[in-house]
>>> print(open('start.pdb').read())   # PDB, C-alpha atoms
ATOM      1  CA  MET Z  23      27.999 -50.509  58.437  1.00  0.00           C
ATOM      2  CA  ASN Z  24      31.392 -52.155  58.071  1.00  0.00           C
ATOM      3  CA  LEU Z  25      32.095 -55.763  57.107  1.00  0.00           C
ATOM      4  CA  ALA Z  26      32.550 -56.949  60.695  1.00  0.00           C
ATOM      5  CA  GLN Z  27      29.125 -55.598  61.691  1.00  0.00           C
ATOM      6  CA  LEU Z  28      27.553 -57.258  58.657  1.00  0.00           C
ATOM      7  CA  TYR Z  29      28.877 -60.680  59.633  1.00  0.00           C
ATOM      8  CA  GLN Z  30      28.008 -60.285  63.315  1.00  0.00           C
ATOM      9  CA  GLY Z  31      24.343 -59.507  62.718  1.00  0.00           C
ATOM     10  CA  PRO Z  32      21.444 -61.503  61.290  1.00  0.00           C
ATOM     11  CA  LEU Z  33      21.585 -59.686  57.923  1.00  0.00           C
ATOM     12  CA  VAL Z  34      24.136 -62.137  56.507  1.00  0.00           C
ATOM     13  CA  ALA Z  35      21.822 -65.048  57.371  1.00  0.00           C
ATOM     14  CA  ASP Z  36      18.877 -63.167  55.848  1.00  0.00           C
ATOM     15  CA  LEU Z  37      20.833 -62.780  52.609  1.00  0.00           C
ATOM     16  CA  ALA Z  38      21.677 -66.497  52.557  1.00  0.00           C
ATOM     17  CA  ILE Z  39      18.037 -67.418  53.242  1.00  0.00           C
ATOM     18  CA  GLY Z  40      16.911 -65.143  50.432  1.00  0.00           C
ATOM     19  CA  PHE Z  41      19.416 -66.701  48.043  1.00  0.00           C
ATOM     20  CA  ILE Z  42      18.303 -70.228  48.984  1.00  0.00           C
ATOM     21  CA  LEU Z  43      14.666 -69.312  48.348  1.00  0.00           C
ATOM     22  CA  LEU Z  44      15.454 -67.647  45.005  1.00  0.00           C
ATOM     23  CA  GLU Z  45      17.540 -70.620  43.914  1.00  0.00           C
ATOM     24  CA  THR Z  46      14.775 -73.053  44.880  1.00  0.00           C
ATOM     25  CA  VAL Z  47      12.128 -71.092  42.972  1.00  0.00           C
ATOM     26  CA  PHE Z  48      14.468 -70.914  39.955  1.00  0.00           C
ATOM     27  CA  LEU Z  49      15.100 -74.678  40.023  1.00  0.00           C
ATOM     28  CA  TRP Z  50      11.380 -75.385  40.340  1.00  0.00           C
ATOM     29  CA  ALA Z  51      10.492 -73.015  37.481  1.00  0.00           C
ATOM     30  CA  LEU Z  52      13.237 -74.429  35.272  1.00  0.00           C
ATOM     31  CA  HIS Z  53      11.861 -77.930  35.754  1.00  0.00           C
ATOM     32  CA  HIS Z  54       8.178 -76.945  35.635  1.00  0.00           C
ATOM     33  CA  PHE Z  55       8.200 -74.661  32.604  1.00  0.00           C
ATOM     34  CA  VAL Z  56      11.181 -75.863  30.544  1.00  0.00           C
ATOM     35  CA  GLY Z  57      11.506 -79.484  31.668  1.00  0.00           C
ATOM     36  CA  TRP Z  58      15.197 -79.187  32.560  1.00  0.00           C
ATOM     37  CA  GLY Z  59      16.856 -80.100  35.802  1.00  0.00           C
ATOM     38  CA  LEU Z  60      15.734 -82.186  38.718  1.00  0.00           C
ATOM     39  CA  ALA Z  61      12.188 -82.686  39.874  1.00  0.00           C
ATOM     40  CA  PRO Z  62      11.556 -81.000  43.241  1.00  0.00           C
ATOM     41  CA  LYS Z  63      11.221 -84.368  44.996  1.00  0.00           C
ATOM     42  CA  HIS Z  64      14.930 -84.910  44.359  1.00  0.00           C
ATOM     43  CA  TYR Z  65      16.126 -81.753  46.127  1.00  0.00           C
ATOM     44  CA  VAL Z  66      13.408 -80.496  48.472  1.00  0.00           C
ATOM     45  CA  LEU Z  67      14.774 -82.278  51.573  1.00  0.00           C
ATOM     46  CA  THR Z  68      18.293 -81.036  50.873  1.00  0.00           C
ATOM     47  CA  VAL Z  69      17.011 -77.479  50.489  1.00  0.00           C
ATOM     48  CA  LEU Z  70      14.960 -77.748  53.672  1.00  0.00           C
ATOM     49  CA  SER Z  71      17.962 -78.995  55.612  1.00  0.00           C
ATOM     50  CA  GLY Z  72      20.095 -76.066  54.437  1.00  0.00           C
ATOM     51  CA  LEU Z  73      17.289 -73.583  55.001  1.00  0.00           C
ATOM     52  CA  PHE Z  74      16.796 -74.820  58.562  1.00  0.00           C
ATOM     53  CA  LEU Z  75      20.536 -74.459  59.196  1.00  0.00           C
ATOM     54  CA  MET Z  76      20.449 -70.855  57.942  1.00  0.00           C
ATOM     55  CA  LEU Z  77      17.434 -70.135  60.146  1.00  0.00           C
ATOM     56  CA  ALA Z  78      19.344 -71.606  63.111  1.00  0.00           C
ATOM     57  CA  LEU Z  79      22.269 -69.329  62.262  1.00  0.00           C
ATOM     58  CA  ARG Z  80      19.928 -66.356  62.124  1.00  0.00           C
ATOM     59  CA  CYS Z  81      18.575 -67.239  65.556  1.00  0.00           C
ATOM     60  CA  ALA Z  82      22.131 -67.628  66.887  1.00  0.00           C
ATOM     61  CA  LEU Z  83      22.977 -64.117  65.655  1.00  0.00           C
ATOM     62  CA  THR Z  84      19.852 -62.667  67.283  1.00  0.00           C
ATOM     63  CA  PRO Z  85      19.803 -61.865  71.009  1.00  0.00           C
ATOM     64  CA  ASP Z  86      17.822 -64.461  72.992  1.00  0.00           C
ATOM     65  CA  GLY Z  87      17.307 -66.581  69.888  1.00  0.00           C
ATOM     66  CA  TRP Z  88      18.562 -69.847  71.352  1.00  0.00           C
ATOM     67  CA  PRO Z  89      15.131 -71.594  71.535  1.00  0.00           C
ATOM     68  CA  GLY Z  90      14.613 -71.031  67.812  1.00  0.00           C
ATOM     69  CA  MET Z  91      18.167 -72.123  67.128  1.00  0.00           C
ATOM     70  CA  ALA Z  92      17.582 -75.412  68.939  1.00  0.00           C
ATOM     71  CA  LEU Z  93      14.294 -75.961  67.108  1.00  0.00           C
ATOM     72  CA  PHE Z  94      15.810 -75.280  63.676  1.00  0.00           C
ATOM     73  CA  LEU Z  95      18.847 -77.470  64.367  1.00  0.00           C
ATOM     74  CA  ILE Z  96      16.533 -80.356  65.263  1.00  0.00           C
ATOM     75  CA  ALA Z  97      14.468 -79.698  62.123  1.00  0.00           C
ATOM     76  CA  ALA Z  98      17.645 -79.619  59.991  1.00  0.00           C
ATOM     77  CA  GLY Z  99      18.771 -82.930  61.441  1.00  0.00           C
ATOM     78  CA  LEU Z 100      15.394 -84.525  60.774  1.00  0.00           C
ATOM     79  CA  ALA Z 101      15.308 -83.220  57.195  1.00  0.00           C
ATOM     80  CA  HIS Z 102      18.864 -84.458  56.628  1.00  0.00           C
ATOM     81  CA  GLY Z 103      18.008 -87.877  58.058  1.00  0.00           C
ATOM     82  CA  ALA Z 104      14.903 -88.106  55.854  1.00  0.00           C
ATOM     83  CA  ASP Z 105      17.002 -87.130  52.836  1.00  0.00           C
ATOM     84  CA  LEU Z 106      19.582 -89.830  53.580  1.00  0.00           C
ATOM     85  CA  ARG Z 107      16.853 -92.417  54.091  1.00  0.00           C
ATOM     86  CA  ARG Z 108      15.236 -91.456  50.776  1.00  0.00           C
ATOM     87  CA  ARG Z 109      18.563 -91.636  48.940  1.00  0.00           C
ATOM     88  CA  PHE Z 110      19.889 -94.828  50.499  1.00  0.00           C
ATOM     89  CA  GLY Z 111      16.690 -96.611  51.562  1.00  0.00           C
ATOM     90  CA  LYS Z 112      16.695 -98.856  48.506  1.00  0.00           C
ATOM     91  CA  GLN Z 113      20.134-100.176  47.768  1.00  0.00           C
ATOM     92  CA  PRO Z 114      20.694-103.042  45.352  1.00  0.00           C
ATOM     93  CA  ARG Z 115      22.464-106.041  46.797  1.00  0.00           C
ATOM     94  CA  ILE Z 116      25.363-107.723  45.083  1.00  0.00           C
ATOM     95  CA  ASP Z 117      23.040-110.419  43.707  1.00  0.00           C
ATOM     96  CA  GLY Z 118      20.803-107.728  42.130  1.00  0.00           C
ATOM     97  CA  ALA Z 119      17.892-107.991  44.558  1.00  0.00           C
ATOM     98  CA  GLU Z 120      16.711-104.826  46.306  1.00  0.00           C
ATOM     99  CA  ARG Z 121      17.317-104.369  49.999  1.00  0.00           C
ATOM    100  CA  HIS Z 122      14.731-102.338  51.931  1.00  0.00           C
ATOM    101  CA  LEU Z 123      15.485-100.564  55.173  1.00  0.00           C
ATOM    102  CA  PRO Z 124      12.863-101.009  57.886  1.00  0.00           C
TER
END
>>> encode(input="start.pdb", output="structure tokens")
Amino acid sequence: MNLAQLYQGPLVADLAIGFILLETVFLWALHHFVGWGLAPKHYVLTVLSGLFLMLALRCALTPDGWPGMALFLIAAGLAHGADLRRRFGKQPRIDGAERHLP
């Protein structure tokens, strides 16, 4: 298998998905057992968004995978939107009071 075949098949997406999962487990374990790093609630939506994008890529590189690609792209957009809402939902106003999004 040459490099062009590697990047034209779903194996490259599988490797990225595997790396994302390993990284997520490592971050969770680091926080859970050692107490370092972020709590999972601070990165789970970001990880899900990226994971859904990699799954959409995998579907795009698979013959007849367009329905899964559409589903995972929608899921990635929803996860990204939820992440943005969580991050920017409570923004302090200039006068110091909190502003809540509906």
>>> resolve_selection(input="start.pdb", expression="the PyMOL selection byres ((chain Z and resi 71) around 12)", output="ChimeraX atom specification")
/Z:39,42,65-70,72-78,94-106
>>> resolve_selection(input="start.pdb", expression="the PyMOL selection byres ((chain Z and resi 50) around 12)", output="ChimeraX atom specification")
/Z:43-49,51-66,69
>>> resolve_selection(input="start.pdb", expression="the PyMOL selection byres ((chain Z and resi 30) around 12)", output="PyMOL selection string")
chain Z and resi 23-29+31-35+79-85
>>> write_last_selection(input="start.pdb", atoms="C-alpha atoms", output="PDB file, in the coordinates of the input")
ATOM      1  CA  MET Z  23      27.999 -50.509  58.437  1.00  0.00           C
ATOM      2  CA  ASN Z  24      31.392 -52.155  58.071  1.00  0.00           C
ATOM      3  CA  LEU Z  25      32.095 -55.763  57.107  1.00  0.00           C
ATOM      4  CA  ALA Z  26      32.550 -56.949  60.695  1.00  0.00           C
ATOM      5  CA  GLN Z  27      29.125 -55.598  61.691  1.00  0.00           C
ATOM      6  CA  LEU Z  28      27.553 -57.258  58.657  1.00  0.00           C
ATOM      7  CA  TYR Z  29      28.877 -60.680  59.633  1.00  0.00           C
ATOM      8  CA  GLY Z  31      24.343 -59.507  62.718  1.00  0.00           C
ATOM      9  CA  PRO Z  32      21.444 -61.503  61.290  1.00  0.00           C
ATOM     10  CA  LEU Z  33      21.585 -59.686  57.923  1.00  0.00           C
ATOM     11  CA  VAL Z  34      24.136 -62.137  56.507  1.00  0.00           C
ATOM     12  CA  ALA Z  35      21.822 -65.048  57.371  1.00  0.00           C
ATOM     13  CA  LEU Z  79      22.269 -69.329  62.262  1.00  0.00           C
ATOM     14  CA  ARG Z  80      19.928 -66.356  62.124  1.00  0.00           C
ATOM     15  CA  CYS Z  81      18.575 -67.239  65.556  1.00  0.00           C
ATOM     16  CA  ALA Z  82      22.131 -67.628  66.887  1.00  0.00           C
ATOM     17  CA  LEU Z  83      22.977 -64.117  65.655  1.00  0.00           C
ATOM     18  CA  THR Z  84      19.852 -62.667  67.283  1.00  0.00           C
ATOM     19  CA  PRO Z  85      19.803 -61.865  71.009  1.00  0.00           C
TER      20      PRO Z  85
END
>>> build_atoms(input="start.pdb", residues="stretch 75-98 of chain Z", atoms="N, CA and C atoms", output="PDB file, in the frame of the given file")
ATOM      1  N   LEU Z  75      19.240 -74.839  58.631  1.00  0.00           N
ATOM      2  CA  LEU Z  75      20.536 -74.459  59.196  1.00  0.00           C
ATOM      3  C   LEU Z  75      20.738 -72.939  59.138  1.00  0.00           C
ATOM      4  N   MET Z  76      20.330 -72.316  58.050  1.00  0.00           N
ATOM      5  CA  MET Z  76      20.449 -70.855  57.942  1.00  0.00           C
ATOM      6  C   MET Z  76      19.522 -70.159  58.931  1.00  0.00           C
ATOM      7  N   LEU Z  77      18.347 -70.713  59.148  1.00  0.00           N
ATOM      8  CA  LEU Z  77      17.434 -70.135  60.146  1.00  0.00           C
ATOM      9  C   LEU Z  77      18.003 -70.299  61.557  1.00  0.00           C
ATOM     10  N   ALA Z  78      18.674 -71.421  61.814  1.00  0.00           N
ATOM     11  CA  ALA Z  78      19.344 -71.606  63.111  1.00  0.00           C
ATOM     12  C   ALA Z  78      20.466 -70.591  63.275  1.00  0.00           C
ATOM     13  N   LEU Z  79      21.214 -70.343  62.202  1.00  0.00           N
ATOM     14  CA  LEU Z  79      22.269 -69.329  62.262  1.00  0.00           C
ATOM     15  C   LEU Z  79      21.684 -67.956  62.540  1.00  0.00           C
ATOM     16  N   ARG Z  80      20.569 -67.653  61.898  1.00  0.00           N
ATOM     17  CA  ARG Z  80      19.928 -66.356  62.124  1.00  0.00           C
ATOM     18  C   ARG Z  80      19.510 -66.215  63.580  1.00  0.00           C
ATOM     19  N   CYS Z  81      18.960 -67.284  64.145  1.00  0.00           N
ATOM     20  CA  CYS Z  81      18.575 -67.239  65.556  1.00  0.00           C
ATOM     21  C   CYS Z  81      19.795 -67.090  66.459  1.00  0.00           C
ATOM     22  N   ALA Z  82      20.909 -67.724  66.085  1.00  0.00           N
ATOM     23  CA  ALA Z  82      22.131 -67.628  66.887  1.00  0.00           C
ATOM     24  C   ALA Z  82      22.688 -66.208  66.868  1.00  0.00           C
ATOM     25  N   LEU Z  83      22.476 -65.486  65.772  1.00  0.00           N
ATOM     26  CA  LEU Z  83      22.977 -64.117  65.655  1.00  0.00           C
ATOM     27  C   LEU Z  83      22.006 -63.080  66.213  1.00  0.00           C
ATOM     28  N   THR Z  84      20.869 -63.547  66.702  1.00  0.00           N
ATOM     29  CA  THR Z  84      19.852 -62.667  67.283  1.00  0.00           C
ATOM     30  C   THR Z  84      19.878 -62.834  68.798  1.00  0.00           C
ATOM     31  N   PRO Z  85      19.830 -61.732  69.544  1.00  0.00           N
ATOM     32  CA  PRO Z  85      19.803 -61.865  71.009  1.00  0.00           C
ATOM     33  C   PRO Z  85      18.605 -62.696  71.468  1.00  0.00           C
ATOM     34  N   ASP Z  86      18.841 -63.582  72.409  1.00  0.00           N
ATOM     35  CA  ASP Z  86      17.822 -64.461  72.992  1.00  0.00           C
ATOM     36  C   ASP Z  86      17.145 -65.343  71.950  1.00  0.00           C
ATOM     37  N   GLY Z  87      17.885 -65.741  70.929  1.00  0.00           N
ATOM     38  CA  GLY Z  87      17.307 -66.581  69.888  1.00  0.00           C
ATOM     39  C   GLY Z  87      17.619 -68.052  70.031  1.00  0.00           C
ATOM     40  N   TRP Z  88      18.135 -68.458  71.198  1.00  0.00           N
ATOM     41  CA  TRP Z  88      18.562 -69.847  71.352  1.00  0.00           C
ATOM     42  C   TRP Z  88      17.422 -70.860  71.257  1.00  0.00           C
ATOM     43  N   PRO Z  89      16.173 -70.563  71.709  1.00  0.00           N
ATOM     44  CA  PRO Z  89      15.131 -71.594  71.535  1.00  0.00           C
ATOM     45  C   PRO Z  89      14.851 -71.880  70.055  1.00  0.00           C
ATOM     46  N   GLY Z  90      14.813 -70.825  69.245  1.00  0.00           N
ATOM     47  CA  GLY Z  90      14.613 -71.031  67.812  1.00  0.00           C
ATOM     48  C   GLY Z  90      15.776 -71.761  67.188  1.00  0.00           C
ATOM     49  N   MET Z  91      16.983 -71.454  67.650  1.00  0.00           N
ATOM     50  CA  MET Z  91      18.167 -72.123  67.128  1.00  0.00           C
ATOM     51  C   MET Z  91      18.082 -73.621  67.396  1.00  0.00           C
ATOM     52  N   ALA Z  92      17.705 -73.990  68.608  1.00  0.00           N
ATOM     53  CA  ALA Z  92      17.582 -75.412  68.939  1.00  0.00           C
ATOM     54  C   ALA Z  92      16.508 -76.080  68.084  1.00  0.00           C
ATOM     55  N   LEU Z  93      15.388 -75.414  67.912  1.00  0.00           N
ATOM     56  CA  LEU Z  93      14.294 -75.961  67.108  1.00  0.00           C
ATOM     57  C   LEU Z  93      14.733 -76.163  65.654  1.00  0.00           C
ATOM     58  N   PHE Z  94      15.395 -75.169  65.078  1.00  0.00           N
ATOM     59  CA  PHE Z  94      15.810 -75.280  63.676  1.00  0.00           C
ATOM     60  C   PHE Z  94      16.938 -76.285  63.486  1.00  0.00           C
ATOM     61  N   LEU Z  95      17.811 -76.441  64.470  1.00  0.00           N
ATOM     62  CA  LEU Z  95      18.847 -77.470  64.367  1.00  0.00           C
ATOM     63  C   LEU Z  95      18.238 -78.870  64.395  1.00  0.00           C
ATOM     64  N   ILE Z  96      17.243 -79.066  65.234  1.00  0.00           N
ATOM     65  CA  ILE Z  96      16.533 -80.356  65.263  1.00  0.00           C
ATOM     66  C   ILE Z  96      15.839 -80.597  63.927  1.00  0.00           C
ATOM     67  N   ALA Z  97      15.161 -79.564  63.407  1.00  0.00           N
ATOM     68  CA  ALA Z  97      14.468 -79.698  62.123  1.00  0.00           C
ATOM     69  C   ALA Z  97      15.456 -79.999  60.998  1.00  0.00           C
ATOM     70  N   ALA Z  98      16.629 -79.359  61.017  1.00  0.00           N
ATOM     71  CA  ALA Z  98      17.645 -79.619  59.991  1.00  0.00           C
ATOM     72  C   ALA Z  98      18.138 -81.061  60.072  1.00  0.00           C
TER      73      ALA Z  98
END
